[in-house]
Amino acid sequence: MQKFRDVLSRWDRGDLSMLEAGELLGLSERQFRRYRDRYEEAGDAGLLDRRLGRVSGHRAPREMVEEMLWLYQERYFGWNVKHFHEHLIRDHNFCWGYTLTKTQLHAAGLVERAKRRGAHRRKRPRKPCEGMMLHQDGSRHAWLAGEPKLDLIVTMDYATSTLYSAFLVEEEGTASSFQGLLETFAAKGLPSSLYTDRGSHYFYTPKAGDKVDKQRLTQVGRALQRLGVEHIPAYSPEARGRSERTFSTLQERLPKELALAGIAGIEAANRFIAEVYLPLHNARFARPPEIADSAFVAADPNQLAEILCIEEERIVGRDNTIVFGRLRLQLPPSSIRHHFVKAKVKVRRYPDGTMAVFHGARRIARYSPHGALIELSLKSAA
């Protein structure tokens, strides 16, 4: 009020124009004129905000606020505000804005205010269209309440942040990588490139901290090379920023959704993730690509299954058996030759744990994950 009176007296003396007086007070010329008239009519009282003491017409009913706070305490405690607000709208017919939810939770002391963000860093630009680059990574976390930590394997698009595949496994490795790639490639097609960290199942690194050896391929590297998909290694945590933010969101939301749905066990959790959570997550967080065209190239799912698997060569023993891992696989009699002793064969282990033995282009037998013979087969290899 004192500042207004000082500026008003300078305007009265002619030292300031009405426009300049308004600028000094952070007002427009019209607002300054309006305040001048109110001051002349009612003095200092005319400068008070006329909304003081009046109840806003947009104020939420107290009963609704109390119900919202009760729901948070009894059913959604520990959820972040945005995630909780989405469920209020979807499941509880809540029609008020996010700001009200956040304000009321802060006022009730149920949610801490967010800490001030650090310095701004420039994000890696997105790819212009889907299928140009996929990113696969794993995150170890207590995804299921009361259970040990598990790895969540995610395969996402770098253009849209769409999650094509996500599932829980006890430990990340070659088999889980193949499973995620097979699910994605079979549904969408082959991408131009795949971006991953430098884990030992992705790349061979001669010396820790050095560049990867792209000539000495891992099982994943071999399969990607055969499919014509460029494999790009990440050399810094910052380079995986988008996936780290995605995992931060998943760690905040997914365990709570699994607990709310009463999910227990990896198999039930993976069904829930694929059938319920991923469609909702993508609808909420995926973005449309800059260019509508797709870089995916269609591929035969049957051929993909024969490439996206562990493949190793073995020499058949004198008793017509092959040692593979801790298993000894007995080759059955074959109509194409009397025996396979000393023959070079290929053994493939698929993501589901089953195995197959190939002689040249022919599959001669299939086995269960425990090494039991499933069937004799003479089909051609991919």
# chains A, B, ... in the order shown; residues from 1 in each chain; ligands from 1

$ residues_around --residues "Ala166 in chain A" --least-positions-apart "6" --cutoff "8 Å" --atoms "only C-alpha atoms" --output "compact mmCIF listing (two decimals) with N, CA and C atoms, in the first residue's frame"
# COMPACT_ATOMS: atom_id res chain seq x y z
N LEU A 152 13.47 -57.14 -13.97
CA LEU A 152 12.45 -56.83 -14.96
C LEU A 152 13.16 -56.51 -16.26
N ILE A 153 12.91 -57.31 -17.30
CA ILE A 153 13.55 -57.12 -18.60
C ILE A 153 12.59 -56.36 -19.50
N VAL A 154 13.04 -55.21 -19.99
CA VAL A 154 12.18 -54.33 -20.78
C VAL A 154 12.82 -54.08 -22.14
N THR A 155 12.00 -54.16 -23.18
CA THR A 155 12.42 -53.79 -24.53
C THR A 155 11.51 -52.67 -24.99
N GLY A 180 12.92 -61.42 -24.67
CA GLY A 180 12.40 -60.08 -24.95
C GLY A 180 12.49 -59.73 -26.42
N ASN A 270 3.76 -61.94 -14.65
CA ASN A 270 4.07 -61.73 -16.06
C ASN A 270 2.80 -61.69 -16.92
N ILE A 273 1.38 -58.23 -16.27
CA ILE A 273 2.16 -57.19 -16.94
C ILE A 273 1.82 -57.13 -18.42
N ALA A 274 1.78 -58.31 -19.07
CA ALA A 274 1.53 -58.35 -20.51
C ALA A 274 0.10 -57.97 -20.87
N LEU A 278 0.97 -53.29 -19.33
CA LEU A 278 1.63 -52.67 -20.48
C LEU A 278 0.68 -51.82 -21.32

$ closest_atom_pairs --of "range 282-353 of chain A" --to "range 215-233 of chain A" --cutoff "7 Å" --atoms "only C-alpha atoms" --output "CSV"
residue,atom,partner,partner_atom,distance
A:Ile307,CA,A:Ala223,CA,5.7
A:Leu308,CA,A:Ala223,CA,5.8
A:Ile310,CA,A:Gln219,CA,6.0

$ write_last_selection --atoms "all heavy atoms" --output "mmCIF file, in the first residue's frame"
data_model
loop_
_atom_site.group_PDB
_atom_site.id
_atom_site.type_symbol
_atom_site.label_atom_id
_atom_site.label_comp_id
_atom_site.auth_asym_id
_atom_site.auth_seq_id
_atom_site.Cartn_x
_atom_site.Cartn_y
_atom_site.Cartn_z
ATOM 1 N N ILE A 307 16.795 -68.447 -34.594
ATOM 2 C CA ILE A 307 17.975 -67.586 -34.564
ATOM 3 C C ILE A 307 18.168 -66.968 -33.175
ATOM 4 O O ILE A 307 19.293 -66.888 -32.669
ATOM 5 C CB ILE A 307 17.860 -66.480 -35.633
ATOM 6 C CG1 ILE A 307 17.839 -67.109 -37.031
ATOM 7 C CG2 ILE A 307 19.008 -65.478 -35.511
ATOM 8 C CD1 ILE A 307 17.572 -66.134 -38.146
ATOM 9 N N LEU A 308 17.074 -66.526 -32.553
ATOM 10 C CA LEU A 308 17.147 -65.891 -31.238
ATOM 11 C C LEU A 308 17.184 -66.953 -30.145
ATOM 12 O O LEU A 308 16.234 -67.147 -29.385
ATOM 13 C CB LEU A 308 15.965 -64.936 -31.050
ATOM 14 C CG LEU A 308 15.966 -63.732 -31.994
ATOM 15 C CD1 LEU A 308 14.652 -62.984 -31.901
ATOM 16 C CD2 LEU A 308 17.136 -62.808 -31.681
ATOM 17 N N ILE A 310 20.305 -69.706 -27.916
ATOM 18 C CA ILE A 310 21.706 -70.073 -27.705
ATOM 19 C C ILE A 310 22.062 -71.197 -28.674
ATOM 20 O O ILE A 310 21.328 -72.183 -28.796
ATOM 21 C CB ILE A 310 21.921 -70.531 -26.256
ATOM 22 C CG1 ILE A 310 21.671 -69.359 -25.299
ATOM 23 C CG2 ILE A 310 23.318 -71.100 -26.058
ATOM 24 C CD1 ILE A 310 21.683 -69.736 -23.837
#

$ atom_distance --atom1 "CA of Val81 in chain A" --atom2 "CA of Tyr158 in chain A"
26.7 Å

$ residues_around --residues "Ala259 in chain A" --least-positions-apart "4" --cutoff "7 Å" --atoms "only C-alpha atoms" --output "list in words"
Ala145, Pro255 and Ile263 of chain A

$ residues_around --residues "Glu112 in chain A" --least-positions-apart "4" --cutoff "12 Å" --atoms "only C-alpha atoms" --output "JSON, numbers by chain"
{"A": [78, 79, 80, 81, 102, 103, 104, 105, 106, 107, 108]}

$ select_by_dssp --residues "range 263-316 of chain A" --states "strand (DSSP E or B)" --output "PDB file with N, CA, C and O atoms, in the first residue's frame"
ATOM      1  N   VAL A 297      10.927 -54.122 -40.148  1.00  0.00           N
ATOM      2  CA  VAL A 297      10.867 -54.984 -41.325  1.00  0.00           C
ATOM      3  C   VAL A 297      10.266 -56.320 -40.900  1.00  0.00           C
ATOM      4  O   VAL A 297      10.738 -56.941 -39.937  1.00  0.00           O
ATOM      5  N   ILE A 310      20.305 -69.706 -27.916  1.00  0.00           N
ATOM      6  CA  ILE A 310      21.706 -70.073 -27.705  1.00  0.00           C
ATOM      7  C   ILE A 310      22.062 -71.197 -28.674  1.00  0.00           C
ATOM      8  O   ILE A 310      21.328 -72.183 -28.796  1.00  0.00           O
ATOM      9  N   GLU A 311      23.169 -71.036 -29.387  1.00  0.00           N
ATOM     10  CA  GLU A 311      23.578 -72.043 -30.375  1.00  0.00           C
ATOM     11  C   GLU A 311      25.061 -72.354 -30.191  1.00  0.00           C
ATOM     12  O   GLU A 311      25.900 -71.459 -30.215  1.00  0.00           O
ATOM     13  N   GLU A 312      25.366 -73.647 -29.999  1.00  0.00           N
ATOM     14  CA  GLU A 312      26.753 -74.068 -29.811  1.00  0.00           C
ATOM     15  C   GLU A 312      27.019 -75.353 -30.590  1.00  0.00           C
ATOM     16  O   GLU A 312      26.113 -76.168 -30.785  1.00  0.00           O
ATOM     17  N   GLU A 313      28.270 -75.521 -31.006  1.00  0.00           N
ATOM     18  CA  GLU A 313      28.662 -76.739 -31.726  1.00  0.00           C
ATOM     19  C   GLU A 313      29.167 -77.793 -30.743  1.00  0.00           C
ATOM     20  O   GLU A 313      29.750 -77.471 -29.713  1.00  0.00           O
ATOM     21  N   ARG A 314      28.904 -79.049 -31.067  1.00  0.00           N
ATOM     22  CA  ARG A 314      29.375 -80.168 -30.264  1.00  0.00           C
ATOM     23  C   ARG A 314      29.809 -81.311 -31.193  1.00  0.00           C
ATOM     24  O   ARG A 314      29.323 -81.418 -32.336  1.00  0.00           O
ATOM     25  N   ILE A 315      30.699 -82.152 -30.702  1.00  0.00           N
ATOM     26  CA  ILE A 315      31.094 -83.380 -31.397  1.00  0.00           C
ATOM     27  C   ILE A 315      30.418 -84.550 -30.686  1.00  0.00           C
ATOM     28  O   ILE A 315      30.528 -84.686 -29.461  1.00  0.00           O
TER      29      ILE A 315
END

$ residues_around --residues "Ser139 in chain A" --least-positions-apart "6" --cutoff "10 Å" --atoms "only C-alpha atoms" --output "JSON, numbers by chain"
{"A": [149, 150, 151, 152, 153, 154, 168, 171, 172, 243, 244, 247, 248, 250, 251]}

$ atom_distance --atom1 "CA of Pro206 in chain A" --atom2 "CA of Ala234 in chain A"
15.9 Å

$ residues_around --residues "Ala299 in chain A" --least-positions-apart "4" --cutoff "8 Å" --atoms "only C-alpha atoms" --output "ChimeraX atom specification"
/A:185-186,189-190,303-304

$ write_last_selection --atoms "N, CA, C and O atoms" --output "PDB file, in the first residue's frame"
ATOM      1  N   PHE A 185      10.308 -58.829 -31.802  1.00  0.00           N
ATOM      2  CA  PHE A 185      10.503 -58.994 -33.240  1.00  0.00           C
ATOM      3  C   PHE A 185       9.345 -59.753 -33.881  1.00  0.00           C
ATOM      4  O   PHE A 185       8.948 -59.473 -35.008  1.00  0.00           O
ATOM      5  N   ALA A 186       8.796 -60.744 -33.155  1.00  0.00           N
ATOM      6  CA  ALA A 186       7.678 -61.509 -33.702  1.00  0.00           C
ATOM      7  C   ALA A 186       6.436 -60.630 -33.849  1.00  0.00           C
ATOM      8  O   ALA A 186       5.651 -60.788 -34.793  1.00  0.00           O
ATOM      9  N   GLY A 189       8.410 -56.861 -35.907  1.00  0.00           N
ATOM     10  CA  GLY A 189       9.341 -56.963 -37.014  1.00  0.00           C
ATOM     11  C   GLY A 189      10.749 -56.620 -36.548  1.00  0.00           C
ATOM     12  O   GLY A 189      10.994 -56.377 -35.362  1.00  0.00           O
ATOM     13  N   LEU A 190      11.687 -56.605 -37.497  1.00  0.00           N
ATOM     14  CA  LEU A 190      13.087 -56.339 -37.168  1.00  0.00           C
ATOM     15  C   LEU A 190      13.356 -54.840 -37.155  1.00  0.00           C
ATOM     16  O   LEU A 190      13.002 -54.137 -38.106  1.00  0.00           O
ATOM     17  N   GLN A 303      11.385 -68.529 -38.178  1.00  0.00           N
ATOM     18  CA  GLN A 303      12.814 -68.341 -38.383  1.00  0.00           C
ATOM     19  C   GLN A 303      13.438 -67.582 -37.219  1.00  0.00           C
ATOM     20  O   GLN A 303      14.565 -67.867 -36.802  1.00  0.00           O
ATOM     21  N   LEU A 304      12.699 -66.607 -36.698  1.00  0.00           N
ATOM     22  CA  LEU A 304      13.211 -65.852 -35.551  1.00  0.00           C
ATOM     23  C   LEU A 304      13.496 -66.776 -34.371  1.00  0.00           C
ATOM     24  O   LEU A 304      14.498 -66.632 -33.681  1.00  0.00           O
TER      25      LEU A 304
END

$ atom_distance --atom1 "CA of Lys3 in chain A" --atom2 "CA of Ala21 in chain A"
10.8 Å

$ select_by_dssp --residues "range 96-238 of chain A" --states "alpha helix (DSSP H)" --output "PyMOL selection string"
chain A and resi 98-107+174-188+219-227

$ residues_around --residues "Ser368 in chain A" --least-positions-apart "2" --cutoff "9 Å" --atoms "only C-alpha atoms" --output "ChimeraX atom specification"
/A:353-356,366,370-374

$ closest_residue --among "A:Arg36, A:Pro279, A:Glu23, A:Ala305" --to "Ser9 in chain A" --atoms "only C-alpha atoms"
A:Arg36

$ closest_residue --among "A:Glu257, A:Glu290, A:Glu29, A:Asp44" --to "Val276 in chain A" --atoms "only C-alpha atoms"
A:Glu257

$ closest_residue --among "A:Glu74, A:Glu183, A:Asp293, A:Asp319" --to "Asp352 in chain A" --atoms "only C-alpha atoms"
A:Glu183

$ closest_residue --among "A:Lys188, A:His201, A:Arg126, A:Arg140" --to "Gly173 in chain A" --atoms "only C-alpha atoms"
A:His201

$ closest_residue --among "A:Thr184, A:His135, A:Leu69, A:Tyr235" --to "Thr205 in chain A" --atoms "only C-alpha atoms"
A:Tyr235
